[in-house]
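Listing of run_0.txt; format and content: compact mmCIF, C-alpha atoms and all ligand atoms.
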```
# COMPACT_ATOMS: atom_id res chain seq x y z
CA MET A 2 31.57 -23.20 2.82
CA ASN A 3 31.56 -19.75 1.20
CA ASN A 4 31.79 -16.55 3.24
CA PHE A 5 28.54 -14.90 4.24
CA ILE A 6 26.78 -12.30 6.35
CA PHE A 7 23.50 -13.49 7.80
CA SER A 8 20.83 -11.33 9.35
CA ASN A 9 17.11 -11.98 9.52
CA PRO A 10 15.34 -9.14 11.28
CA THR A 11 11.79 -10.58 11.22
CA LYS A 12 10.37 -11.39 14.64
CA ILE A 13 8.25 -14.56 14.47
CA ALA A 14 5.20 -15.11 16.69
CA PHE A 15 4.31 -18.76 16.13
CA GLY A 16 1.35 -20.84 17.31
CA GLU A 17 -2.35 -20.95 17.93
CA GLY A 18 -3.81 -17.70 19.22
CA GLN A 19 -0.79 -15.57 18.35
CA ILE A 20 -2.85 -13.08 16.32
CA GLN A 21 -3.54 -11.42 19.67
CA GLU A 22 0.17 -10.56 19.80
CA LEU A 23 -0.59 -7.86 17.23
CA LYS A 24 -1.38 -5.65 20.21
CA ASN A 25 2.26 -5.84 21.30
CA LEU A 26 3.92 -6.12 17.92
CA LEU A 27 2.39 -3.08 16.23
CA PRO A 28 4.14 0.17 17.10
CA LYS A 29 2.24 2.44 19.48
CA ASN A 30 0.22 5.19 17.74
CA ALA A 31 0.79 3.69 14.29
CA ARG A 32 -1.64 4.58 11.52
CA VAL A 33 -2.16 1.14 10.05
CA LEU A 34 -3.28 -0.01 6.62
CA LEU A 35 -4.59 -3.58 6.74
CA THR A 36 -4.16 -5.24 3.33
CA TYR A 37 -5.74 -8.51 2.24
CA GLY A 38 -6.76 -10.63 -0.73
CA GLY A 39 -10.03 -11.84 -2.19
CA GLY A 40 -11.84 -12.59 1.05
CA SER A 41 -10.52 -15.89 2.41
CA ILE A 42 -9.64 -14.12 5.68
CA ILE A 43 -13.22 -12.97 6.07
CA LYS A 44 -14.59 -16.49 5.58
CA ASN A 45 -12.17 -18.21 7.96
CA GLY A 46 -12.44 -15.71 10.80
CA VAL A 47 -8.88 -14.36 10.59
CA TYR A 48 -10.18 -10.90 9.66
CA ASP A 49 -12.30 -10.77 12.82
CA GLN A 50 -9.37 -11.81 14.98
CA VAL A 51 -7.19 -9.11 13.44
CA VAL A 52 -9.86 -6.45 13.77
CA SER A 53 -10.33 -7.34 17.40
CA ALA A 54 -6.58 -7.02 18.02
CA LEU A 55 -6.62 -3.62 16.28
CA GLN A 56 -9.19 -2.22 18.67
CA GLY A 57 -8.43 1.32 19.80
CA ARG A 58 -6.01 1.96 16.93
CA THR A 59 -6.31 4.14 13.87
CA TRP A 60 -6.55 1.82 10.91
CA PHE A 61 -7.79 1.57 7.35
CA GLU A 62 -8.17 -1.36 5.01
CA PHE A 63 -7.53 -2.33 1.40
CA GLY A 64 -8.88 -5.67 0.14
CA GLY A 65 -8.81 -7.31 -3.26
CA ILE A 66 -5.11 -8.04 -3.80
CA GLN A 67 -5.11 -10.89 -6.35
CA PRO A 68 -3.03 -14.07 -6.38
CA ASN A 69 0.11 -13.16 -8.37
CA PRO A 70 -0.59 -9.63 -7.16
CA HIS A 71 -1.32 -7.07 -9.83
CA TYR A 72 0.81 -3.97 -10.00
CA GLU A 73 -2.23 -1.95 -11.05
CA THR A 74 -4.16 -2.91 -7.89
CA LEU A 75 -1.15 -2.22 -5.70
CA MET A 76 -0.85 1.29 -7.10
CA GLN A 77 -4.43 1.96 -5.96
CA ALA A 78 -3.49 0.74 -2.50
CA THR A 79 -0.40 2.96 -2.55
CA GLU A 80 -2.60 5.98 -3.30
CA LEU A 81 -4.89 5.14 -0.39
CA ALA A 82 -1.94 4.63 1.96
CA LYS A 83 -0.49 8.01 1.03
CA GLU A 84 -3.86 9.77 1.25
CA ARG A 85 -4.48 8.40 4.77
CA GLU A 86 -0.91 9.09 5.85
CA VAL A 87 -0.42 5.51 6.88
CA ASP A 88 2.87 4.71 8.61
CA PHE A 89 2.56 0.95 9.08
CA LEU A 90 1.32 -1.76 6.70
CA LEU A 91 -0.23 -4.97 7.98
CA ALA A 92 -0.55 -7.72 5.36
CA VAL A 93 -2.99 -10.51 6.20
CA GLY A 94 -3.15 -13.48 3.82
CA GLY A 95 -0.95 -15.55 1.53
CA GLY A 96 2.30 -14.73 -0.22
CA SER A 97 0.59 -12.54 -2.80
CA VAL A 98 -0.80 -10.19 -0.16
CA VAL A 99 2.54 -9.99 1.64
CA ASP A 100 4.50 -9.49 -1.60
CA GLY A 101 2.04 -6.87 -2.78
CA THR A 102 2.30 -5.04 0.52
CA LYS A 103 6.09 -4.94 0.19
CA LEU A 104 5.67 -3.13 -3.12
CA ILE A 105 3.19 -0.68 -1.55
CA ALA A 106 5.75 -0.04 1.22
CA ALA A 107 8.42 0.85 -1.31
CA ALA A 108 6.18 2.62 -3.83
CA MET A 109 4.84 5.03 -1.18
CA HIS A 110 8.25 6.72 -1.09
CA PHE A 111 9.44 6.16 -4.65
CA GLU A 112 9.97 9.13 -6.94
CA GLY A 113 9.08 8.28 -10.51
CA ASP A 114 7.34 5.20 -11.87
CA PRO A 115 7.42 2.45 -9.23
CA TRP A 116 7.40 -0.20 -11.97
CA ASP A 117 11.08 0.72 -12.39
CA ILE A 118 11.72 -1.00 -9.03
CA LEU A 119 10.83 -4.25 -10.80
CA ALA A 120 11.70 -3.63 -14.43
CA LYS A 121 14.90 -1.61 -13.99
CA ASN A 122 16.11 -2.71 -10.56
CA ALA A 123 15.70 0.89 -9.37
CA PRO A 124 17.01 1.03 -5.80
CA VAL A 125 14.60 1.30 -2.89
CA HIS A 126 15.86 3.97 -0.50
CA ARG A 127 12.94 4.06 1.86
CA ALA A 128 9.95 1.85 2.69
CA THR A 129 7.06 2.03 5.12
CA PRO A 130 7.52 -0.62 7.82
CA LEU A 131 5.30 -3.67 7.51
CA GLY A 132 4.25 -6.76 9.42
CA CYS A 133 2.17 -9.75 8.42
CA VAL A 134 -0.25 -12.45 9.49
CA LEU A 135 0.45 -15.34 7.13
CA THR A 136 -2.36 -17.74 6.18
CA LEU A 137 -0.66 -19.84 3.49
CA PRO A 138 2.70 -21.48 4.18
CA ALA A 139 4.61 -21.54 0.90
CA THR A 140 6.65 -18.58 -0.22
CA GLY A 141 8.78 -17.65 2.79
CA THR A 142 7.93 -14.01 2.05
CA GLU A 143 6.86 -13.60 5.70
CA SER A 144 10.52 -13.38 6.69
CA ASN A 145 12.46 -12.37 3.61
CA GLY A 146 13.04 -9.18 1.65
CA ASN A 147 11.66 -10.35 -1.70
CA ALA A 148 8.46 -9.81 -3.65
CA VAL A 149 7.14 -10.93 -7.03
CA ILE A 150 4.63 -8.70 -8.82
CA THR A 151 2.65 -9.08 -12.04
CA LYS A 152 1.83 -6.22 -14.41
CA GLU A 153 -1.54 -7.19 -15.83
CA ALA A 154 -1.27 -4.83 -18.78
CA THR A 155 1.86 -6.45 -20.20
CA LYS A 156 1.58 -9.89 -18.55
CA GLU A 157 5.02 -9.53 -16.98
CA LYS A 158 5.94 -11.14 -13.68
CA LEU A 159 9.04 -9.66 -12.09
CA GLY A 160 10.66 -9.63 -8.67
CA PHE A 161 12.53 -7.21 -6.46
CA GLY A 162 14.37 -7.48 -3.20
CA SER A 163 15.39 -4.99 -0.53
CA PRO A 164 16.42 -5.29 3.11
CA LEU A 165 13.94 -2.47 3.78
CA VAL A 166 10.91 -4.66 3.03
CA TYR A 167 11.56 -7.52 5.41
CA PRO A 168 8.43 -7.73 7.56
CA GLN A 169 9.20 -6.46 11.06
CA PHE A 170 7.15 -9.31 12.40
CA ALA A 171 5.29 -12.36 11.09
CA ILE A 172 2.45 -14.04 12.93
CA LEU A 173 2.24 -17.72 12.04
CA ASP A 174 -0.83 -19.40 13.49
CA PRO A 175 -1.15 -22.86 11.91
CA THR A 176 -4.91 -22.94 12.60
CA THR A 177 -5.36 -20.15 10.03
CA THR A 178 -4.29 -22.70 7.39
CA TYR A 179 -7.10 -25.19 8.16
CA SER A 180 -9.33 -23.49 5.59
CA LEU A 181 -6.89 -23.87 2.68
CA PRO A 182 -8.34 -25.77 -0.30
CA PRO A 183 -6.33 -28.88 -1.33
CA ARG A 184 -4.88 -27.07 -4.33
CA GLN A 185 -3.31 -24.40 -2.10
CA ILE A 186 -2.07 -26.96 0.43
CA ALA A 187 -0.32 -28.74 -2.43
CA ASN A 188 1.01 -25.50 -3.89
CA GLY A 189 2.45 -24.48 -0.55
CA VAL A 190 4.25 -27.76 0.05
CA VAL A 191 5.63 -27.89 -3.50
CA ASP A 192 6.75 -24.24 -3.44
CA ALA A 193 8.59 -24.67 -0.13
CA PHE A 194 10.12 -27.93 -1.39
CA VAL A 195 11.44 -26.24 -4.51
CA HIS A 196 12.83 -23.29 -2.51
CA ILE A 197 14.93 -25.78 -0.58
CA MET A 198 16.03 -27.49 -3.79
CA GLU A 199 17.05 -24.19 -5.43
CA GLN A 200 19.54 -23.67 -2.59
CA TYR A 201 20.58 -27.31 -2.14
CA MET A 202 20.60 -29.03 -5.54
CA THR A 203 23.75 -27.41 -6.91
CA TYR A 204 27.28 -28.66 -6.11
CA PRO A 205 28.96 -29.46 -2.79
CA VAL A 206 30.94 -26.77 -0.95
CA ASN A 207 31.32 -28.72 2.29
CA ALA A 208 28.39 -26.84 3.86
CA LYS A 209 27.29 -29.70 6.07
CA VAL A 210 25.06 -27.59 8.29
CA GLN A 211 23.11 -26.12 5.38
CA ASP A 212 22.87 -29.52 3.67
CA ARG A 213 21.60 -31.34 6.74
CA ILE A 214 19.05 -28.63 7.54
CA ALA A 215 17.89 -28.65 3.91
CA GLU A 216 17.54 -32.45 3.93
CA GLY A 217 15.62 -32.29 7.22
CA LEU A 218 13.22 -29.73 5.79
CA LEU A 219 12.73 -31.76 2.59
CA LEU A 220 11.96 -34.87 4.64
CA THR A 221 9.52 -32.93 6.81
CA LEU A 222 7.60 -31.80 3.73
CA ILE A 223 7.65 -35.29 2.21
CA GLU A 224 6.29 -36.76 5.45
CA GLU A 225 3.82 -34.03 6.45
CA GLY A 226 2.63 -32.73 3.06
CA PRO A 227 0.39 -35.71 2.24
CA LYS A 228 -0.94 -35.72 5.82
CA ALA A 229 -2.05 -32.10 5.46
CA LEU A 230 -4.16 -33.18 2.48
CA GLU A 231 -5.61 -36.19 4.30
CA ASN A 232 -6.23 -34.52 7.64
CA PRO A 233 -6.68 -30.77 7.16
CA ARG A 234 -7.26 -30.01 10.85
CA ASP A 235 -4.21 -31.79 12.26
CA TYR A 236 -2.48 -29.00 14.19
CA GLY A 237 0.88 -30.77 14.44
CA VAL A 238 1.03 -31.40 10.71
CA ARG A 239 0.07 -27.80 9.88
CA ALA A 240 2.60 -26.44 12.37
CA ASN A 241 5.43 -28.48 10.88
CA VAL A 242 4.54 -27.55 7.31
CA MET A 243 4.28 -23.88 8.25
CA TRP A 244 7.61 -23.67 10.03
CA ALA A 245 9.34 -25.70 7.30
CA ALA A 246 8.08 -23.27 4.65
CA THR A 247 9.40 -20.29 6.59
CA LEU A 248 12.83 -21.85 7.16
CA ALA A 249 12.98 -22.86 3.50
CA LEU A 250 13.33 -19.24 2.39
CA ASN A 251 14.33 -17.04 5.30
CA GLY A 252 17.95 -17.06 4.18
CA LEU A 253 19.24 -19.66 6.65
CA ILE A 254 19.91 -22.56 4.28
CA GLY A 255 21.02 -20.29 1.42
CA VAL A 256 23.98 -18.68 3.13
CA GLY A 257 27.45 -19.88 2.20
CA VAL A 258 26.23 -22.10 -0.65
CA PRO A 259 25.72 -21.71 -4.41
CA GLN A 260 22.09 -21.20 -5.47
CA ASP A 261 20.26 -22.13 -8.64
CA TRP A 262 16.82 -20.40 -9.11
CA ALA A 263 16.51 -21.38 -12.80
CA THR A 264 13.29 -23.28 -12.04
CA HIS A 265 11.72 -20.17 -10.53
CA MET A 266 12.75 -17.86 -13.36
CA ILE A 267 11.40 -20.20 -16.05
CA GLY A 268 8.30 -20.84 -13.90
CA HIS A 269 7.50 -17.14 -13.57
CA GLU A 270 7.25 -16.85 -17.37
CA LEU A 271 4.81 -19.77 -17.40
CA THR A 272 2.61 -18.09 -14.81
CA ALA A 273 2.74 -14.77 -16.65
CA MET A 274 1.87 -16.30 -20.04
CA HIS A 275 -0.48 -19.12 -19.10
CA GLY A 276 -1.81 -18.24 -15.64
CA LEU A 277 -0.60 -21.43 -13.97
CA ASP A 278 -0.21 -21.28 -10.19
CA HIS A 279 3.35 -20.56 -9.10
CA ALA A 280 3.90 -24.02 -7.60
CA GLN A 281 2.37 -25.76 -10.61
CA THR A 282 5.08 -24.21 -12.76
CA LEU A 283 7.76 -25.40 -10.32
CA ALA A 284 6.45 -28.97 -10.38
CA ILE A 285 6.81 -28.92 -14.16
CA VAL A 286 10.22 -27.27 -14.40
CA LEU A 287 12.28 -28.62 -11.48
CA PRO A 288 12.43 -32.29 -12.55
CA ALA A 289 13.41 -31.18 -16.06
CA VAL A 290 16.18 -28.95 -14.68
CA MET A 291 17.45 -31.88 -12.59
CA GLN A 292 17.49 -34.06 -15.69
CA HIS A 293 19.03 -31.49 -18.03
CA LYS A 294 21.76 -30.51 -15.54
CA ARG A 295 22.38 -33.99 -14.15
CA ALA A 296 26.09 -33.88 -15.02
CA GLN A 297 26.69 -30.55 -13.26
CA LYS A 298 24.51 -31.53 -10.28
CA ARG A 299 25.74 -35.12 -10.15
CA GLU A 300 27.22 -35.20 -6.66
CA LYS A 301 24.29 -33.44 -5.04
CA LEU A 302 21.76 -35.58 -6.93
CA ILE A 303 23.41 -38.70 -5.53
CA GLN A 304 23.53 -37.24 -2.00
CA TYR A 305 19.85 -36.26 -2.28
CA GLY A 306 18.85 -39.67 -3.63
CA LYS A 307 20.62 -41.49 -0.83
CA ARG A 308 19.78 -39.25 2.11
CA VAL A 309 16.29 -38.04 1.26
CA TRP A 310 14.89 -40.98 -0.73
CA ASN A 311 16.98 -43.81 0.73
CA LEU A 312 17.99 -44.99 -2.74
CA GLN A 313 20.73 -47.51 -3.40
CA GLY A 314 22.47 -48.90 -6.47
CA SER A 315 24.69 -47.42 -9.16
CA ASP A 316 25.15 -43.65 -9.19
CA ASP A 317 23.09 -43.29 -12.34
CA ALA A 318 20.32 -45.47 -10.98
CA ILE A 319 20.21 -43.29 -7.85
CA ILE A 320 19.97 -40.13 -9.96
CA ASP A 321 17.20 -41.59 -12.12
CA GLY A 322 15.40 -42.74 -8.98
CA ALA A 323 15.78 -39.36 -7.28
CA ILE A 324 14.27 -37.48 -10.23
CA ALA A 325 11.44 -40.02 -10.50
CA ALA A 326 10.73 -39.83 -6.76
CA THR A 327 10.60 -36.04 -6.88
CA LYS A 328 8.11 -36.14 -9.76
CA GLN A 329 6.06 -38.78 -7.99
CA PHE A 330 5.95 -36.65 -4.83
CA PHE A 331 4.66 -33.59 -6.71
CA GLU A 332 2.09 -35.71 -8.56
CA SER A 333 0.94 -37.34 -5.32
CA MET A 334 0.40 -33.89 -3.79
CA GLY A 335 -1.81 -33.05 -6.78
CA ASN A 336 0.59 -31.04 -8.94
CA PRO A 337 1.19 -32.72 -12.34
CA THR A 338 4.70 -32.38 -13.76
CA THR A 339 4.23 -31.85 -17.50
CA LEU A 340 3.21 -28.83 -19.56
CA SER A 341 0.62 -30.87 -21.42
CA SER A 342 -1.24 -31.82 -18.25
CA TYR A 343 -2.05 -28.11 -17.80
CA GLY A 344 -2.94 -27.68 -21.48
CA VAL A 345 0.22 -25.69 -22.33
CA PRO A 346 1.07 -26.57 -25.95
CA ARG A 347 4.59 -27.16 -27.28
CA GLU A 348 4.13 -24.11 -29.50
CA SER A 349 4.39 -21.95 -26.37
CA ILE A 350 7.97 -23.00 -25.70
CA PRO A 351 9.67 -20.57 -28.13
CA LYS A 352 7.47 -17.75 -26.81
CA LEU A 353 8.42 -18.55 -23.23
CA VAL A 354 12.09 -18.57 -24.18
CA ASN A 355 11.65 -15.19 -25.91
CA MET A 356 10.25 -13.75 -22.69
CA LEU A 357 13.23 -15.09 -20.74
CA VAL A 358 15.51 -13.32 -23.21
CA LYS A 359 13.46 -10.13 -22.94
CA HIS A 360 13.92 -10.19 -19.17
CA ASN A 361 17.61 -10.94 -19.56
CA TYR A 362 17.37 -14.36 -17.92
CA VAL A 363 19.95 -15.71 -20.33
CA ALA A 364 22.57 -17.09 -17.91
CA LEU A 365 20.60 -18.96 -15.26
CA GLY A 366 21.57 -21.53 -12.65
CA GLU A 367 24.39 -21.86 -10.14
CA HIS A 368 26.98 -21.79 -12.93
CA GLY A 369 25.21 -19.15 -15.02
CA ASP A 370 25.33 -21.66 -17.85
CA ILE A 371 21.63 -22.12 -18.59
CA THR A 372 21.28 -20.22 -21.86
CA PRO A 373 18.00 -19.63 -23.69
CA GLU A 374 18.79 -22.78 -25.70
CA ASP A 375 19.07 -24.73 -22.43
CA SER A 376 15.80 -23.27 -21.18
CA ARG A 377 14.21 -24.43 -24.42
CA LYS A 378 15.55 -27.96 -23.88
CA ILE A 379 14.35 -27.93 -20.27
CA LEU A 380 10.85 -26.94 -21.39
CA GLU A 381 10.94 -29.60 -24.13
CA LEU A 382 11.84 -32.21 -21.50
CA ALA A 383 8.81 -31.07 -19.49
CA ALA A 384 6.41 -31.04 -22.44
O1 LIG A 401 -7.07 -13.97 -2.00
P1 LIG A 401 -7.65 -14.78 -0.92
O2 LIG A 401 -9.13 -14.74 -0.86
O3 LIG A 401 -7.00 -14.50 0.43
O4 LIG A 401 -7.36 -16.34 -1.26
C1 LIG A 401 -6.07 -16.88 -1.45
C2 LIG A 401 -5.73 -17.11 -2.92
O5 LIG A 401 -6.88 -17.32 -3.68
C3 LIG A 401 -6.07 -18.28 -0.91
N1 LIG A 401 -5.78 -18.38 0.52
C4 LIG A 401 -4.73 -17.88 1.21
N2 LIG A 401 -4.79 -18.25 2.50
C5 LIG A 401 -5.92 -19.00 2.65
C6 LIG A 401 -6.55 -19.07 1.39
N3 LIG A 401 -7.71 -19.74 1.20
C7 LIG A 401 -8.24 -20.35 2.28
N4 LIG A 401 -7.69 -20.34 3.51
C8 LIG A 401 -6.51 -19.68 3.72
N5 LIG A 401 -5.94 -19.71 4.94
O6 LIG A 401 -5.04 -18.94 -1.62
C9 LIG A 401 -4.95 -18.39 -2.94
C10 LIG A 401 -3.50 -18.21 -3.31
O7 LIG A 401 -2.91 -17.23 -2.49
P2 LIG A 401 -1.46 -16.63 -2.83
O8 LIG A 401 -1.15 -15.62 -1.79
O9 LIG A 401 -1.41 -16.19 -4.25
O10 LIG A 401 -0.52 -17.92 -2.70
P3 LIG A 401 0.97 -18.07 -2.27
O11 LIG A 401 1.16 -17.84 -0.82
O12 LIG A 401 1.38 -19.37 -2.83
O13 LIG A 401 1.75 -16.89 -3.01
C11 LIG A 401 2.10 -16.98 -4.36
C12 LIG A 401 2.82 -15.73 -4.81
O14 LIG A 401 4.07 -15.59 -4.13
C13 LIG A 401 5.12 -15.43 -5.08
C14 LIG A 401 4.59 -16.20 -6.26
O15 LIG A 401 5.28 -15.88 -7.45
C15 LIG A 401 3.14 -15.79 -6.28
O16 LIG A 401 2.99 -14.53 -6.88
N6 LIG A 401 6.40 -15.85 -4.51
C16 LIG A 401 7.01 -15.04 -3.62
C17 LIG A 401 8.24 -15.33 -3.07
C18 LIG A 401 8.90 -14.42 -2.11
N7 LIG A 401 8.36 -13.24 -1.87
O17 LIG A 401 9.96 -14.73 -1.55
C19 LIG A 401 8.99 -16.53 -3.45
C20 LIG A 401 8.17 -17.53 -4.17
O18 LIG A 401 9.04 -18.31 -4.94
C21 LIG A 401 7.10 -16.98 -5.07
O19 LIG A 401 7.65 -16.58 -6.31
ZN ZN A 402 8.55 -20.19 -5.07
```
Using structure tokens, write down the structure from this file.
Amino acid sequence: MNNFIFSNPTKIAFGEGQIQELKNLLPKNARVLLTYGGGSIIKNGVYDQVVSALQGRTWFEFGGIQPNPHYETLMQATELAKEREVDFLLAVGGGSVVDGTKLIAAAMHFEGDPWDILAKNAPVHRATPLGCVLTLPATGTESNGNAVITKEATKEKLGFGSPLVYPQFAILDPTTTYSLPPRQIANGVVDAFVHIMEQYMTYPVNAKVQDRIAEGLLLTLIEEGPKALENPRDYGVRANVMWAATLALNGLIGVGVPQDWATHMIGHELTAMHGLDHAQTLAIVLPAVMQHKRAQKREKLIQYGKRVWNLQGSDDAIIDGAIAATKQFFESMGNPTTLSSYGVPRESIPKLVNMLVKHNYVALGEHGDITPEDSRKILELAA
């Protein structure tokens, strides 16, 4: 196991009815900006619950943060937050709202063009504290320091990370996820699954704890994901999916182990260029990465095939079976695994690779050995 320092400062309030905890979790006398997306929280009653918990406080609101949140919209929110002298941000919604709110938190105090935080890795020295009520289990953003933002004008999707933008608290009430459409249920399960794989499917470093937790989380998603589609109002299923998605990317399973993230980097270019949902891109790219890097990932592929999919036989048969089972799982959730099934033509592949080069994603993966030529081959495998 490699050396590490682990700290996760986000306080989690988990379970039905926990939105009421906002009363205790928000700092006294805070001037709060409530941020949200396109209106799902109004339809499912989460907005009303939040507003009721905000009673007696000074608060403002900013709605309309898009999926794959737009930088341009977030700059409008930043202006409002500064104008109203807000000192606490409360994000209510899916990963896009939480990610967007992290950028608002940093941009409020940034001197210069805040796009530099994403495009030039400009350091974040100060951020407004934030908390969140999560309504879509998927990204893990509710208890990590990362955000991914899209600039509409240039169709670029870039990320940033800072310890200053970890939410101070995250309220996870599984009943808020009952209203998710099937497509977002599937996206959430696939995204969380791939987060685990990015930190697990590398090479062994004798990190038994991380491996066993990762395998347990993968099995939970394999078992509960399809049930969430079949039975949307099953509290136990929703609770297990929600907690699995948080643990998938709150840092716990990623400490002390090598990490990959090639699938995510290639996937972000697909979303930016073709508008595919984040998890749709992952369903396409991950199996192709597993196939293209099967020699480098050999030991972990065999471990995964045996422990997660119960496969037996020769090593190569287990690897083939593990990749096929992964694809089959994504397909069964409703996320096809080829570019063509989303109407992305082969001609896009060189353009996608050019964008990876532009963003300097030229040495991806746990060994830094996925060159633009490898990314091209991976996309060809997924065509
Ligand atoms: O906008 P509203 O009306 O709220 O509707 C949303 C949106 O249309 C809807 N939704 C959310 N909760 C709902 C609901 N509909 C009904 N009932 C509910 N309870 O779902 C749609 C998608 O929402 P979005 O927030 O975009 O989805 P998700 O949570 O999957 O977030 C995706 C974004 O997170 C980024 C992705 O790149 C993408 O931009 N990621 C962030 C990460 C991080 N910060 O650590 C890591 C991830 O790998 C990922 O890259
Ligand atoms: Zn993801």
Quiz prompt | Pick from A:Val195, A:Ile319, A:Leu34, A:Ala245, whichever lies nearest to A:Val290 using only C-alpha atoms | solution = A:Val195
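The residues sitting within 6 Å of ligand ZN 402 (chain A), with only C-alpha atoms and all ligand atoms considered, come out as Thr140, Asp192 and His196 of chain A.
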Practice problem: Could you check which of A:Ala128, A:Met198, A:Leu219, A:Ala280 is closest to ligand LIG 401 (chain A), using all atoms listed in the file? | Solution: A:Ala280
Centre and edge lengths of an axis-aligned box around all listed atoms of ligand LIG 401 (chain A), with 3 Å added on each side, are to be given in Å to one decimal, as JSON.
```
{"center_x": 0.4, "center_y": -16.8, "center_z": -1.3, "size_x": 25.1, "size_y": 13.1, "size_z": 18.4}
```
Which residues, written as a PDB file with C-alpha atoms, in the frame of the given file, have at least one atom at most 12 Å from A:Glu143, with only C-alpha atoms counted and residues fewer than 3 positions away on the same chain left out?
```pdb
ATOM      1  CA  ASN A   9      17.110 -11.980   9.520  1.00  0.00           C
ATOM      2  CA  PRO A  10      15.340  -9.140  11.280  1.00  0.00           C
ATOM      3  CA  THR A  11      11.790 -10.580  11.220  1.00  0.00           C
ATOM      4  CA  LYS A  12      10.370 -11.390  14.640  1.00  0.00           C
ATOM      5  CA  ILE A  13       8.250 -14.560  14.470  1.00  0.00           C
ATOM      6  CA  ALA A  14       5.200 -15.110  16.690  1.00  0.00           C
ATOM      7  CA  PHE A  15       4.310 -18.760  16.130  1.00  0.00           C
ATOM      8  CA  LEU A  91      -0.230  -4.970   7.980  1.00  0.00           C
ATOM      9  CA  ALA A  92      -0.550  -7.720   5.360  1.00  0.00           C
ATOM     10  CA  VAL A  93      -2.990 -10.510   6.200  1.00  0.00           C
ATOM     11  CA  GLY A  94      -3.150 -13.480   3.820  1.00  0.00           C
ATOM     12  CA  GLY A  95      -0.950 -15.550   1.530  1.00  0.00           C
ATOM     13  CA  GLY A  96       2.300 -14.730  -0.220  1.00  0.00           C
ATOM     14  CA  SER A  97       0.590 -12.540  -2.800  1.00  0.00           C
ATOM     15  CA  VAL A  98      -0.800 -10.190  -0.160  1.00  0.00           C
ATOM     16  CA  VAL A  99       2.540  -9.990   1.640  1.00  0.00           C
ATOM     17  CA  ASP A 100       4.500  -9.490  -1.600  1.00  0.00           C
ATOM     18  CA  GLY A 101       2.040  -6.870  -2.780  1.00  0.00           C
ATOM     19  CA  THR A 102       2.300  -5.040   0.520  1.00  0.00           C
ATOM     20  CA  LYS A 103       6.090  -4.940   0.190  1.00  0.00           C
ATOM     21  CA  LEU A 131       5.300  -3.670   7.510  1.00  0.00           C
ATOM     22  CA  GLY A 132       4.250  -6.760   9.420  1.00  0.00           C
ATOM     23  CA  CYS A 133       2.170  -9.750   8.420  1.00  0.00           C
ATOM     24  CA  VAL A 134      -0.250 -12.450   9.490  1.00  0.00           C
ATOM     25  CA  LEU A 135       0.450 -15.340   7.130  1.00  0.00           C
ATOM     26  CA  THR A 136      -2.360 -17.740   6.180  1.00  0.00           C
ATOM     27  CA  LEU A 137      -0.660 -19.840   3.490  1.00  0.00           C
ATOM     28  CA  PRO A 138       2.700 -21.480   4.180  1.00  0.00           C
ATOM     29  CA  ALA A 139       4.610 -21.540   0.900  1.00  0.00           C
ATOM     30  CA  THR A 140       6.650 -18.580  -0.220  1.00  0.00           C
ATOM     31  CA  GLY A 146      13.040  -9.180   1.650  1.00  0.00           C
ATOM     32  CA  ASN A 147      11.660 -10.350  -1.700  1.00  0.00           C
ATOM     33  CA  ALA A 148       8.460  -9.810  -3.650  1.00  0.00           C
ATOM     34  CA  VAL A 166      10.910  -4.660   3.030  1.00  0.00           C
ATOM     35  CA  TYR A 167      11.560  -7.520   5.410  1.00  0.00           C
ATOM     36  CA  PRO A 168       8.430  -7.730   7.560  1.00  0.00           C
ATOM     37  CA  GLN A 169       9.200  -6.460  11.060  1.00  0.00           C
ATOM     38  CA  PHE A 170       7.150  -9.310  12.400  1.00  0.00           C
ATOM     39  CA  ALA A 171       5.290 -12.360  11.090  1.00  0.00           C
ATOM     40  CA  ILE A 172       2.450 -14.040  12.930  1.00  0.00           C
ATOM     41  CA  LEU A 173       2.240 -17.720  12.040  1.00  0.00           C
ATOM     42  CA  MET A 243       4.280 -23.880   8.250  1.00  0.00           C
ATOM     43  CA  TRP A 244       7.610 -23.670  10.030  1.00  0.00           C
ATOM     44  CA  ALA A 246       8.080 -23.270   4.650  1.00  0.00           C
ATOM     45  CA  THR A 247       9.400 -20.290   6.590  1.00  0.00           C
ATOM     46  CA  LEU A 248      12.830 -21.850   7.160  1.00  0.00           C
ATOM     47  CA  ALA A 249      12.980 -22.860   3.500  1.00  0.00           C
ATOM     48  CA  LEU A 250      13.330 -19.240   2.390  1.00  0.00           C
ATOM     49  CA  ASN A 251      14.330 -17.040   5.300  1.00  0.00           C
ATOM     50  CA  GLY A 252      17.950 -17.060   4.180  1.00  0.00           C
TER      51      GLY A 252
END
```
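Considering the residues A:Val87, A:Val238, A:Leu23, A:Ile267 and counting all atoms listed in the file, ligand LIG 401 (chain A) has its shortest atom-to-atom contact with A:Ile267.
Between atom CA of A:Ile371 and atom CA of A:Gln200 the separation is 16.2 Å.
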Self-check item: Polymer residues at most 7 Å from (24.5, -32.0, -1.4) by only C-alpha atoms, as a PyMOL selection string
Solution: chain A and resi 201-202+204-205+212+300-301+304-305
Residues just named, written with C-alpha atoms as a short mmCIF file (atom, residue, chain, number, x, y, z; two decimals), keeping the file's coordinate frame:
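Output file result_13.cif follows:
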```
data_model
loop_
_atom_site.label_atom_id
_atom_site.label_comp_id
_atom_site.auth_asym_id
_atom_site.auth_seq_id
_atom_site.Cartn_x
_atom_site.Cartn_y
_atom_site.Cartn_z
CA TYR A 201 20.58 -27.31 -2.14
CA MET A 202 20.60 -29.03 -5.54
CA TYR A 204 27.28 -28.66 -6.11
CA PRO A 205 28.96 -29.46 -2.79
CA ASP A 212 22.87 -29.52 3.67
CA GLU A 300 27.22 -35.20 -6.66
CA LYS A 301 24.29 -33.44 -5.04
CA GLN A 304 23.53 -37.24 -2.00
CA TYR A 305 19.85 -36.26 -2.28
#
```
